[in-house]
Amino acid sequence: MPLLQIAEVTKGFGGLKALRDVSMQVDEGEIVSLIGPNGAGKTTLFNCITGTMPPNRGSVRFRDEEIVGLPPHEVARRGISRTFQHIRVFGQMSVLENVMVGRDFKGRTGIFSALLRPPRVGNEEAENRESCMDVMALFGERLLPRLNQPTRELSYANRRRVEIARALVSGPKLILLDEPTAGMNPNETEQLMDLIRLIRDRGHSVLVIEHKMKVVMAVSDRIVVLDHGEKIAEGPPSAIAADPTVIDAYMGRRQRAQAD
Amino acid sequence: MRSSRIRFPKFLLANAPVLSIIAVLAAVPPFITNMYYVQVLVFIGIYAILTLSLNLLNGYVGLLSIGHAAFYAIGAYASAKLSMELGLPWVLALAGAGAIAGFFGYLIAKPTLRLSGIYLTLVTLGFNMILFLVLQNWMSFTNGPLGIMDVPPPSIFGFVLSSRLQYYYLILALVLLTVLSMHRLMTCRFGRALTAIRENELAAEATGVDTTRYKIQAFVLAAFYAGIAGSFYAHFVKYISPDSFTINESFILLAMLAFGGQGNLIGPIVGAAALILIPEAFRPLQEYRMFVYGGVLIVMMLVRRQGLLGGRSYSLRWTRFDSAPARIYERGDKFLPEG
Amino acid sequence: MIKKMAVTGMMVGLILAGGIAGLEPALAAGEVKIGLSAPLTGDWAEYGNDFKRAVSMVIDKVNKEGGINGKKLELVIADSRGDAKESVLIAEKFVADPAIIAQVGDFSSSSTMAAAPVYEQAKMVQISPTASHQDWTKKGEFMFRVVATQGYEGPYNARWAVNDLKKKKIATIYINNDWGVDANKYFVGEARRLGAEIVAEEAFTPGEKDFNAVISKLKRLEPDLVYMPTFYADFTAILNQAERARFKPTVLANSSLFSVKTLEMGGRAVEGTMIPVNYFGSDPRPAAQNFTKEYKALYGTDPNQFAALAYDAAGVLVAALKAVGTDSRARVREGLIGLKGYEGATGPISYAEGRDPAKLLVRIMIKNGQWVLYKP
Amino acid sequence: MPSFLFDQFINGLTQGSVYALLALGFTMIFGTLRMVTFAHGEVYMMGAYMGFEIIRLLYPSFLLALLAALVATAMLGIVVELLAFHFLRNAPHATSLLVTIGISILLVNLAQKIWGPETQSIPFGRIDQLGNFEIEIAGVYITFLQIAVLGVTVLLMLVLYFVINRTKLGMVIRAMAQDYEAASAMGVNVNVIYMAAFAIGSMLGGVAGVLVGVYYNMFYPTMGGIYGLKAFSASVVGGLTSLPGAVVAGLLIGLVETFSVEFGASNFRHVFSFVFMILILLLRPGGLFGGKEMAHTRGD
């Protein structure tokens with residue numbers, strides 16, 4: 001039974017059809033890459049999965065439960081966390097606080113327990129801090145020295161790492177990474193590839209949108225290719241690299257442009 | 001294991017700045033002979049609570065509400081009615097007033113939270129206008145423009161307040177309770193969720209924060225605190241009428257918050273104090289006083305838009321003596337910059 | 001960096017200026033002060049300034065005549081903006097200054113009532129020229145009123161309308177503030193008791209300008225008299241708009257309308273309006289004549305009802321001080337109660353039977369654009 | 001239709017056109033700047049006083065009065081835009097809102113100092129010289145001023161509608177309303193256009209001031225207050241960015257208020273317009289005619 005089952009998802013904005021009958025799946029412990037030219041509907045598919053923008057038609061089943069129509073926070077609580085194409089961190093909050101928010105939905109401190117502060121609240125906070133430290137340790141020296149720094153003062157790559165740490169800290173079953181290596185230099189990209197593998201080894205399945213073919217080919221177990229809102233190919237990296245329709249989708253555009 | 005004997009002085013030293021402020025506020029007033037100054041402090045207390053409650057919405061969650069005086073009014077009228085017609089002792093009337101104001105906060109928040117920015121602001125403005133007009137025209141219940149008179153003084157377990165100093169200590173206690181409760185709320189999961197909503201609502205939602213529920217809770221809390229301030233005002237002045245709760249009152253609260261700075265617990269208090277002291281200090285100018293008020297507002301917004309103390313969160317603790325529960329994140333510790 | 005300096009400079013400047021201004025002015029030995037709390041800004045600024053002019057006139061005159069037992073009187077004026085919070089703080093400021101022996105003010109009932117407990121506790125006389133809330137004087141022993149309450153003027157007008165003018169179908173248009181609500185309630189109560197039929201009671205929110213809707217409604221109901229407890233601005237607006245709609249009812253109103261502004265802004269639309277007044281420009285009584293002459297000489301305009309009431313408030317206070325001296329606040333109260341035969345601009349004032357003075361009302365009306373004595 | 005209903009209908013239209021005229025100014029300013037201003041009531045008041053001074057002192061002609069009001073309110077509008085928006089271009093809403101509140105406090109007190117707190121009016125002699133004929137329809141007398149207010153409102157709306165939708169300046173203003181950074185990237189001198197739009201909005205306030213001031217013949221420093229907020233609710237109900245919406249909403253509110261007086265709830269007349277505003281905000285956040293997409297948070 002696949003972890004994530006997407007069937008005939010369609011999403012339109014007025015006349016424009018961003019996604020047309022897209023079906024795919026992600027299995028336990030798998031790294032699936034979602035590739036395609038700009039505007040192919042990749043981020044829109046992410047938004048359909050996470051509930052930010054529910055699809056017009058089609059179903060998304062996660063661990064055999066239909067999640068279309070659920071608000072984004074319910075989807076997150078069921079074990080799907082995500083990062084965004086344009087980094088969305090809580091700028092004025094410190095790095096530690098940012099990551100702690102990722103795990104806060106597991107806590108039970110409401111208004112009254114916050115006011116009365118039973119010992120449970122203290123333990124919960126400490127426990128939360130503890131798991132945040134574990135996750136941030138994955139990034140070695142990058143985040144740990146900057147725990148109390150406001151996130152807006154961090155470099156682009158570090159802010160991206162905070163976003164990933166925030167998505168990881170709640171121990172999601174499936175993590176959606178939206179162009180994680182965008183804006184990173186080759187060295188940082190290399191480190192991120194190791195991180196993605198590490199994430200998979202720690203038991204999280206990964207669905208990643210990526211443009212750098214080097215990363216896609218090296219990291220993915222399977223690749224899904226979207227073009228103009230339609231799935232045009234799916235399969236292991238080797239098959240996709242040789243697939244004529246994929247090449248046409250990427251290259252064809254240039255040839256057709258030259259022909260006109 | 002640290003014995004508590006050593007921990008207690010550490011606690012004192014760490015919170016020395018806060019404790020010393022409270023000590024001064026508690027010890028000095030009995031020696032002030034001129035009751036006028038004590039009375040000004042009482043009004044600063046009332047408006048500090050109101051501005052802090054507005055800060056919950058504007059400062060922490062980023063919802064611009066310009067009708068906050070409506071909850072202040074609901075608290076005042078509810079408390080007066082509860083104590084005069086149901087004969088409730090003041091403490092219950094206070095809690096009742098807060099609860100009723102909170103309930104109205106819920107009524108306003110529930111249907112309007114899916115609206116964005118300026119539209120939500122306009123609903124709060126509309127609500128303030130409607131409430132003012134209802135208070136002014138519902139003769140049978142609120143006695144309309146004649147207002148409600150002879151509101152009984154507050155009494156705590158039978159002890160009836162009479163001297164202005166007693167009122168001062170009561171409002172001081174209420175302000176401290178407000179600040180303590182807001183501090184506790186803000187430094188745990190609840191506070192992080194509100195700030196996350198302000199910083200980036202979409203990311204907060206995707207990270208598992210039920211933004212709608214938290215925004216409603218923030219509204220209910222803000223209304224509750226404003227209701228508490230309203231209840232104190234009613235029993236302190238003992239006469240309430242609609243024209244103390246007009247839209248101008250909401251503008252004054254907004255001005256205090258913007259002037260003092262929002263997003264932390266100190267800015268609103270400083271703002272409330274400043275915008276009560278300035279008109280009082282310039283009273284001899286009589287009608288030119290309002291020119292100073294308007295002018296100061298404009299200059300502050302142009303020169304320092306986050307207000308005097310806005311834009312960052314302050315901790316009044318001396319971290320060197322921090323006796324907070326044993327720090328468990330050693331790994332991060334060794335990287336932490338000193339102090 | 002400049003911004004930082006600008007802000008700190010501004011704050012330091014404010015605090016310094018505030019500190020100096022807020023300091024208690026050094027108490028000259030034996031100096032006696034009277035406090036005046038009135039709305040110098042805000043919606044009721046106009047009437048606050050009437051207070052300021054009339055009361056300063058009285059104080060200056062007394063000082064010219066050598067003050068009270070040789071001591072000069074100083075007037076401390078504070079702007080309450082007609083706001084309850086401000087008037088409570090002003091009350092505290094006055095009460096805290098030992099030199100202030102009594103207080104005149106405030107204009108609106110709400111600010112007067114909010115401040116009453118402060119004056120009561122300090123046993124300082126609070127005399128309001130215009131506060132009309134029926135139960136205000138019950139708030140304490142030190143609350144004195146100069147204007148006749150609506151509990152007195154309302155029934156008086158009702159008797160005038162029903163018994164003397166023989167009107168049976170009456171409508172009312174009243175301003176929806178504390179004064180207007182009382183004025184309407186007591187008039188309508190008495191008028192119904194006397195057998196008249198009240199066809200409509202129309203309240204309007206202060207600041208309202210468009211009365212066409214109310215006028216069209218009343219035109220349909222055809223009342224034979226319209227009772228209008230309002231101020232001159234709303235009153236003239238209603239009647240101007242009524243004239244345009246060819247609706248010319250018999251109009252009875254209140255002493256609040258006695259002012260040259262009513263004539264100026266009303267023109268022919270207000271012809272025939274009848275009102276009872278305490279003070280009346282061409283009232284032959286010497287007290288009224290002197291006041292009118294002095295006020296016109298000093299300020300160049302004819303005084304209105306509110307100026308006359310403030311003039312009398314200061315007048316009775318001075319009379320009381322002359323009687324009981326200026327050393328104790330509480331004795332000022334006795335001075336006022338013991339006042340005998342005080343002739344004010346608004347008629348004789350005595351607090352013997354109670355602190356709501358029974359004021360004799362004179363009936364006047366507008367004829368050829370002038371206020372004249374009313375002749376049936 | 002019984003004559004008194006028709007009579008009230010005319011009253012409703014006149015009252016409504018006053019709100020509509022004022023709402024046009026709000027809509028113009030909000031439509032371009034996306035900023036709410038609380039000083040517009042006071043700009044309207046200043047415009048009224050300008051008209052008052054010209055007609056009273058100089059020469060009782062509407063045109064001259066309107067001209068003076070236009071010039072004064074345009075300058076005032078530029079000052080407000082400069083203080084409240086120009087320097088605070090990327091500041092949060094609340095900051096600019098507060099500066100406009102500060103400005104409105106200053107303007108009211110300034111007017112109280114210059115013209116005194118009491119209500120003033122144009123002497124009757126001068127008013128009649130402005131031309132005061134009436135027409136009578138079915139027993140109802142409609143004065144020249146009532147027609148003027150309604151006529152000018154509709155005229156201004158058409159002119160503005162044309163300017164906004166058919167001229168180059170209009171196109172630029174609409175572009176800036178969507179995304180002023182993009183517009184400035186396209187070489188649009190954003191600051192000048194903002195000032196122009198704000199000046200036009202304020203001039204609308206000036207026209208309203210003269211017309212409404214003379215119609216009611218009442219001039220006092222706090223005349224901007226309740227009318228400012230009422231016009232505000234009209235422009236919100238109209239959709240905050242739609243000029244025809246503001247006019248229709250203003251007329252609608254005028255009619256609702258008038259008939260609420262007719263059917264017995266005269267002191268609740270003002271409550272209806274704000275209840276009306278909240279209902280519209282909840283049910284049709286974009287207002288009657290406003291763009292729908294403005295209201296919802298967009299996920300991207």
# chains A, B, ... in the order shown; residues from 1 in each chain; ligands from 1

call {"tool": "residues_around", "arguments": {"residues": "Leu138 in chain A", "least_positions_apart": "2", "cutoff": "9 Å", "atoms": "only C-alpha atoms", "output": "list in words"}}
result
Met133, Asp134, Val135, Met136, Gly140, Glu141, Ala165, Leu195 and Leu198 of chain A

call {"tool": "select_by_dssp", "arguments": {"residues": "range 42-233 of chain A", "states": "helix (DSSP H, G or I)", "output": "PyMOL selection string"}}
result
chain A and resi 42-50+72-77+95-104+111-116+119-137+144-146+151-153+156-168+186-201+213-219

call {"tool": "interface_residues", "arguments": {"of": "chain A", "to": "chain B", "cutoff": "7 Å", "atoms": "only C-alpha atoms", "output": "list in words"}}
result
Pro72, His73, Glu74, Ala76, Arg77, Ser81, Arg88, Phe90, Gly91, Val101, Gly102, Asp104, Phe105, Thr109, Gly110, Ile111, Ala114, Leu115, Glu130, Leu144 and Pro145 of chain A

call {"tool": "write_last_selection", "arguments": {"atoms": "N, CA and C atoms", "output": "PDB file, in the first residue's frame"}}
result
ATOM      1  N   PRO A  72      -4.543  22.882   5.859  1.00  0.00           N
ATOM      2  CA  PRO A  72      -3.097  22.551   5.841  1.00  0.00           C
ATOM      3  C   PRO A  72      -2.572  22.062   7.196  1.00  0.00           C
ATOM      4  N   HIS A  73      -3.100  22.643   8.304  1.00  0.00           N
ATOM      5  CA  HIS A  73      -2.510  22.223   9.606  1.00  0.00           C
ATOM      6  C   HIS A  73      -2.901  20.792   9.927  1.00  0.00           C
ATOM      7  N   GLU A  74      -4.071  20.335   9.442  1.00  0.00           N
ATOM      8  CA  GLU A  74      -4.438  18.929   9.677  1.00  0.00           C
ATOM      9  C   GLU A  74      -3.539  18.005   8.850  1.00  0.00           C
ATOM     10  N   ALA A  76      -0.528  18.630   7.962  1.00  0.00           N
ATOM     11  CA  ALA A  76       0.796  18.606   8.621  1.00  0.00           C
ATOM     12  C   ALA A  76       0.755  17.643   9.808  1.00  0.00           C
ATOM     13  N   ARG A  77      -0.360  17.684  10.574  1.00  0.00           N
ATOM     14  CA  ARG A  77      -0.417  16.834  11.776  1.00  0.00           C
ATOM     15  C   ARG A  77      -0.476  15.355  11.421  1.00  0.00           C
ATOM     16  N   SER A  81       5.084  17.167   6.090  1.00  0.00           N
ATOM     17  CA  SER A  81       5.537  18.565   6.280  1.00  0.00           C
ATOM     18  C   SER A  81       6.259  18.999   5.020  1.00  0.00           C
ATOM     19  N   ARG A  88      10.107  30.472   3.547  1.00  0.00           N
ATOM     20  CA  ARG A  88       9.150  31.117   4.471  1.00  0.00           C
ATOM     21  C   ARG A  88       9.538  30.738   5.906  1.00  0.00           C
ATOM     22  N   PHE A  90      10.080  32.331  10.052  1.00  0.00           N
ATOM     23  CA  PHE A  90       9.529  33.387  10.925  1.00  0.00           C
ATOM     24  C   PHE A  90      10.689  34.323  11.287  1.00  0.00           C
ATOM     25  N   GLY A  91      10.826  35.365  10.497  1.00  0.00           N
ATOM     26  CA  GLY A  91      12.007  36.225  10.530  1.00  0.00           C
ATOM     27  C   GLY A  91      12.415  36.730  11.890  1.00  0.00           C
ATOM     28  N   VAL A 101       8.504  25.654  16.569  1.00  0.00           N
ATOM     29  CA  VAL A 101       7.123  25.761  16.044  1.00  0.00           C
ATOM     30  C   VAL A 101       6.791  24.511  15.240  1.00  0.00           C
ATOM     31  N   GLY A 102       7.796  23.956  14.561  1.00  0.00           N
ATOM     32  CA  GLY A 102       7.576  22.769  13.738  1.00  0.00           C
ATOM     33  C   GLY A 102       6.999  21.622  14.542  1.00  0.00           C
ATOM     34  N   ASP A 104       5.410  22.116  17.593  1.00  0.00           N
ATOM     35  CA  ASP A 104       4.457  22.572  18.619  1.00  0.00           C
ATOM     36  C   ASP A 104       3.104  21.886  18.543  1.00  0.00           C
ATOM     37  N   PHE A 105       2.736  21.437  17.343  1.00  0.00           N
ATOM     38  CA  PHE A 105       1.366  20.866  17.274  1.00  0.00           C
ATOM     39  C   PHE A 105       1.272  19.572  18.075  1.00  0.00           C
ATOM     40  N   THR A 109      -0.079  22.255  25.489  1.00  0.00           N
ATOM     41  CA  THR A 109      -0.183  23.421  26.395  1.00  0.00           C
ATOM     42  C   THR A 109      -1.182  24.409  25.832  1.00  0.00           C
ATOM     43  N   GLY A 110      -2.347  24.456  26.458  1.00  0.00           N
ATOM     44  CA  GLY A 110      -3.348  25.448  26.037  1.00  0.00           C
ATOM     45  C   GLY A 110      -3.151  26.714  26.841  1.00  0.00           C
ATOM     46  N   ILE A 111      -4.171  27.559  26.828  1.00  0.00           N
ATOM     47  CA  ILE A 111      -4.061  28.852  27.526  1.00  0.00           C
ATOM     48  C   ILE A 111      -3.908  28.607  29.022  1.00  0.00           C
ATOM     49  N   ALA A 114      -0.710  27.082  30.109  1.00  0.00           N
ATOM     50  CA  ALA A 114       0.384  28.062  29.935  1.00  0.00           C
ATOM     51  C   ALA A 114       0.412  28.993  31.138  1.00  0.00           C
ATOM     52  N   LEU A 115      -0.785  29.358  31.623  1.00  0.00           N
ATOM     53  CA  LEU A 115      -0.843  30.316  32.750  1.00  0.00           C
ATOM     54  C   LEU A 115      -0.423  29.631  34.042  1.00  0.00           C
ATOM     55  N   GLU A 130      14.870  19.610  23.123  1.00  0.00           N
ATOM     56  CA  GLU A 130      15.810  18.477  22.946  1.00  0.00           C
ATOM     57  C   GLU A 130      15.729  17.942  21.507  1.00  0.00           C
ATOM     58  N   LEU A 144      23.662  25.276  14.932  1.00  0.00           N
ATOM     59  CA  LEU A 144      23.794  25.239  16.398  1.00  0.00           C
ATOM     60  C   LEU A 144      24.390  26.517  16.982  1.00  0.00           C
ATOM     61  N   PRO A 145      25.399  27.121  16.344  1.00  0.00           N
ATOM     62  CA  PRO A 145      25.953  28.341  16.970  1.00  0.00           C
ATOM     63  C   PRO A 145      24.991  29.532  16.893  1.00  0.00           C
TER      64      PRO A 145
END

call {"tool": "interface_residues", "arguments": {"of": "chain C", "to": "chain D", "cutoff": "6 Å", "atoms": "only C-alpha atoms", "output": "list in words"}}
result
Ala45, Glu46, Ala203, Phe204, Asn212, Ala213 and Lys217 of chain C

call {"tool": "closest_atom_pairs", "arguments": {"of": "chain B", "to": "chain C", "cutoff": "9 Å", "atoms": "only C-alpha atoms", "output": "CSV"}}
result
residue,atom,partner,partner_atom,distance
B:Thr33,CA,C:Ala96,CA,8.6
B:Asn34,CA,C:Ala96,CA,5.6
B:Met35,CA,C:Ala96,CA,6.2
B:Tyr36,CA,C:Glu92,CA,4.8
B:Tyr37,CA,C:Lys93,CA,8.3
B:Gln39,CA,C:Leu89,CA,7.0
B:Val40,CA,C:Leu89,CA,7.0
B:Phe43,CA,C:Lys85,CA,8.3
B:Leu133,CA,C:Thr205,CA,8.7
B:Gln136,CA,C:Asn176,CA,7.9
B:Asn137,CA,C:Asn176,CA,8.0
B:Gly144,CA,C:Asp178,CA,7.8
B:Pro145,CA,C:Asp178,CA,4.8
B:Leu146,CA,C:Asp178,CA,4.6
B:Gly147,CA,C:Ser110,CA,7.6
B:Met149,CA,C:Met113,CA,8.0
B:Asp150,CA,C:Lys139,CA,7.9
B:Val237,CA,C:Ala114,CA,5.9
B:Lys238,CA,C:Ala114,CA,7.1
B:Tyr239,CA,C:Ala114,CA,5.5
B:Ile240,CA,C:Ala114,CA,7.6
B:Ser241,CA,C:Ser110,CA,6.5
B:Asp243,CA,C:Asp83,CA,7.4
B:Ser244,CA,C:Ala84,CA,6.5
B:Leu277,CA,C:Gly18,CA,8.0
B:Ile278,CA,C:Gly18,CA,6.8
B:Pro279,CA,C:Gly18,CA,8.8
B:Glu280,CA,C:Gly22,CA,7.6
B:Ala281,CA,C:Gly18,CA,4.2
B:Phe282,CA,C:Gly18,CA,5.9
B:Arg283,CA,C:Ala78,CA,6.8
B:Pro284,CA,C:Ala21,CA,6.6
B:Leu285,CA,C:Ala21,CA,8.7
B:Gln286,CA,C:Asp79,CA,5.4
B:Glu287,CA,C:Leu40,CA,5.8
B:Tyr288,CA,C:Thr41,CA,8.8
B:Arg289,CA,C:Asp79,CA,8.8
B:Met290,CA,C:Thr41,CA,8.1
B:Val296,CA,C:Met10,CA,8.6
B:Val299,CA,C:Val7,CA,8.7
B:Met300,CA,C:Val7,CA,7.3
B:Val303,CA,C:Lys3,CA,5.8
B:Arg304,CA,C:Lys3,CA,7.2
B:Leu308,CA,C:Val7,CA,8.3

call {"tool": "select_by_dssp", "arguments": {"residues": "range 40-285 of chain C", "states": "strand (DSSP E or B)", "output": "JSON, numbers by chain"}}
result
{"C": [68, 71, 73, 74, 75, 76, 77, 78, 79, 100, 101, 102, 103, 104, 105, 125, 126, 127, 128, 143, 144, 145, 169, 170, 171, 172, 173, 174, 175, 197, 198, 199, 200, 201, 202, 203, 204, 225, 226, 227, 251, 252, 274, 275, 276, 277]}

call {"tool": "write_last_selection", "arguments": {"atoms": "C-alpha atoms", "output": "PDB file, in the first residue's frame"}}
result
ATOM      1  CA  ILE C  68     -12.367  89.151  48.932  1.00  0.00           C
ATOM      2  CA  LYS C  71      -7.268  88.617  48.957  1.00  0.00           C
ATOM      3  CA  LEU C  73      -8.896  85.574  43.453  1.00  0.00           C
ATOM      4  CA  GLU C  74      -7.080  83.548  40.789  1.00  0.00           C
ATOM      5  CA  LEU C  75      -8.945  81.534  38.179  1.00  0.00           C
ATOM      6  CA  VAL C  76      -7.389  78.182  37.233  1.00  0.00           C
ATOM      7  CA  ILE C  77      -8.875  77.019  33.915  1.00  0.00           C
ATOM      8  CA  ALA C  78      -8.612  73.374  32.731  1.00  0.00           C
ATOM      9  CA  ASP C  79      -9.840  71.856  29.452  1.00  0.00           C
ATOM     10  CA  ILE C 100      -8.291  76.129  45.262  1.00  0.00           C
ATOM     11  CA  ILE C 101     -11.376  76.650  47.394  1.00  0.00           C
ATOM     12  CA  ALA C 102     -14.210  75.858  45.015  1.00  0.00           C
ATOM     13  CA  GLN C 103     -14.857  74.710  41.441  1.00  0.00           C
ATOM     14  CA  VAL C 104     -17.124  75.814  38.618  1.00  0.00           C
ATOM     15  CA  GLY C 105     -17.938  73.259  35.946  1.00  0.00           C
ATOM     16  CA  VAL C 125     -18.126  72.825  46.292  1.00  0.00           C
ATOM     17  CA  GLN C 126     -18.743  71.745  42.684  1.00  0.00           C
ATOM     18  CA  ILE C 127     -21.136  74.223  41.080  1.00  0.00           C
ATOM     19  CA  SER C 128     -22.185  73.417  37.509  1.00  0.00           C
ATOM     20  CA  MET C 143     -23.007  69.552  44.296  1.00  0.00           C
ATOM     21  CA  PHE C 144     -24.768  72.810  43.382  1.00  0.00           C
ATOM     22  CA  ARG C 145     -26.645  73.626  40.218  1.00  0.00           C
ATOM     23  CA  LYS C 169     -51.462  66.711  19.235  1.00  0.00           C
ATOM     24  CA  ILE C 170     -47.779  67.179  20.118  1.00  0.00           C
ATOM     25  CA  ALA C 171     -44.613  65.772  18.522  1.00  0.00           C
ATOM     26  CA  THR C 172     -41.084  66.078  19.924  1.00  0.00           C
ATOM     27  CA  ILE C 173     -37.677  66.186  18.260  1.00  0.00           C
ATOM     28  CA  TYR C 174     -34.835  66.017  20.795  1.00  0.00           C
ATOM     29  CA  ILE C 175     -31.063  65.702  20.775  1.00  0.00           C
ATOM     30  CA  GLU C 197     -51.594  63.099  22.620  1.00  0.00           C
ATOM     31  CA  ILE C 198     -47.919  62.556  21.819  1.00  0.00           C
ATOM     32  CA  VAL C 199     -47.804  61.577  18.153  1.00  0.00           C
ATOM     33  CA  ALA C 200     -44.042  61.135  17.813  1.00  0.00           C
ATOM     34  CA  GLU C 201     -40.829  61.318  19.856  1.00  0.00           C
ATOM     35  CA  GLU C 202     -37.889  61.611  17.443  1.00  0.00           C
ATOM     36  CA  ALA C 203     -34.349  61.512  18.869  1.00  0.00           C
ATOM     37  CA  PHE C 204     -31.342  62.423  16.713  1.00  0.00           C
ATOM     38  CA  LEU C 225     -47.200  71.752  18.229  1.00  0.00           C
ATOM     39  CA  VAL C 226     -43.591  70.500  18.007  1.00  0.00           C
ATOM     40  CA  TYR C 227     -41.497  70.541  21.199  1.00  0.00           C
ATOM     41  CA  VAL C 251     -42.682  75.485  17.927  1.00  0.00           C
ATOM     42  CA  LEU C 252     -41.958  75.354  21.640  1.00  0.00           C
ATOM     43  CA  MET C 274     -41.492  80.236  22.045  1.00  0.00           C
ATOM     44  CA  ILE C 275     -39.057  79.381  24.840  1.00  0.00           C
ATOM     45  CA  PRO C 276     -38.901  79.862  28.623  1.00  0.00           C
ATOM     46  CA  VAL C 277     -35.666  81.484  29.812  1.00  0.00           C
TER      47      VAL C 277
END

call {"tool": "interface_residues", "arguments": {"of": "chain B", "to": "chain D", "cutoff": "8 Å", "atoms": "only C-alpha atoms", "output": "ChimeraX atom specification"}}
result
/B:64,111-112,114-116,119,122-123,126-127,129-130,133-134,137,202,251,254-255,258,288,290-291,293-295,297-298,301-302,305

call {"tool": "residues_around", "arguments": {"residues": "Cys48 in chain A", "least_positions_apart": "4", "cutoff": "10 Å", "atoms": "only C-alpha atoms", "output": "ChimeraX atom specification"}}
result
/A:6,9-11,19,42-44,52-56,58-60,67-69,72

call {"tool": "residues_around", "arguments": {"residues": "range 208-219 of chain A", "least_positions_apart": "2", "cutoff": "8 Å", "atoms": "only C-alpha atoms", "output": "MDAnalysis selection string"}}
result
chainID A and resid 31:36 42:43 176:181 189 193 196:197 206 221 223 237:238

call {"tool": "write_last_selection", "arguments": {"atoms": "N, CA and C atoms", "output": "compact mmCIF listing (two decimals), in the first residue's frame"}}
result
# COMPACT_ATOMS: atom_id res chain seq x y z
N ILE A 31 12.70 8.02 -2.21
CA ILE A 31 12.94 9.43 -2.57
C ILE A 31 12.43 9.59 -3.99
N VAL A 32 11.41 10.41 -4.16
CA VAL A 32 10.84 10.64 -5.50
C VAL A 32 11.12 12.09 -5.88
N SER A 33 11.62 12.30 -7.06
CA SER A 33 11.85 13.67 -7.55
C SER A 33 10.73 14.05 -8.50
N LEU A 34 10.36 15.29 -8.44
CA LEU A 34 9.31 15.83 -9.31
C LEU A 34 10.01 16.88 -10.17
N ILE A 35 10.13 16.61 -11.47
CA ILE A 35 10.85 17.60 -12.30
C ILE A 35 9.95 18.04 -13.45
N GLY A 36 10.39 19.10 -14.10
CA GLY A 36 9.63 19.61 -15.26
C GLY A 36 9.99 21.07 -15.43
N LYS A 42 4.45 21.98 -10.71
CA LYS A 42 5.07 21.22 -9.60
C LYS A 42 4.63 21.78 -8.25
N THR A 43 4.84 23.12 -8.09
CA THR A 43 4.48 23.70 -6.77
C THR A 43 2.97 23.59 -6.56
N LEU A 176 8.06 17.13 1.98
CA LEU A 176 8.03 17.69 0.62
C LEU A 176 9.05 18.84 0.58
N LEU A 177 10.06 18.69 -0.28
CA LEU A 177 11.09 19.74 -0.38
C LEU A 177 10.91 20.46 -1.71
N ASP A 178 10.69 21.77 -1.65
CA ASP A 178 10.44 22.55 -2.87
C ASP A 178 11.72 23.31 -3.25
N GLU A 179 12.45 22.75 -4.22
CA GLU A 179 13.72 23.31 -4.71
C GLU A 179 14.66 23.64 -3.54
N PRO A 180 15.02 22.61 -2.73
CA PRO A 180 15.86 22.86 -1.55
C PRO A 180 17.23 23.42 -1.91
N THR A 181 17.77 23.07 -3.08
CA THR A 181 19.17 23.47 -3.36
C THR A 181 19.22 24.79 -4.13
N THR A 189 25.29 22.23 -2.07
CA THR A 189 24.35 21.30 -2.73
C THR A 189 24.76 19.86 -2.40
N MET A 193 22.50 16.95 -0.59
CA MET A 193 22.19 15.61 -1.15
C MET A 193 22.43 14.56 -0.08
N ILE A 196 19.57 14.63 2.29
CA ILE A 196 18.33 13.99 1.81
C ILE A 196 18.42 12.49 2.01
N ARG A 197 19.59 11.94 1.71
CA ARG A 197 19.75 10.49 1.91
C ARG A 197 19.63 10.14 3.39
N VAL A 206 10.65 10.97 0.97
CA VAL A 206 10.94 12.34 0.48
C VAL A 206 10.34 12.52 -0.90
N ASP A 221 15.12 7.71 -6.13
CA ASP A 221 14.80 6.31 -6.44
C ASP A 221 13.92 6.31 -7.70
N ILE A 223 11.61 9.10 -10.52
CA ILE A 223 11.43 10.48 -10.98
C ILE A 223 10.07 10.57 -11.68
N PRO A 237 15.76 6.86 -12.49
CA PRO A 237 16.57 7.90 -13.17
C PRO A 237 17.06 7.45 -14.54
N SER A 238 17.59 6.18 -14.60
CA SER A 238 18.19 5.73 -15.88
C SER A 238 17.13 5.81 -16.98
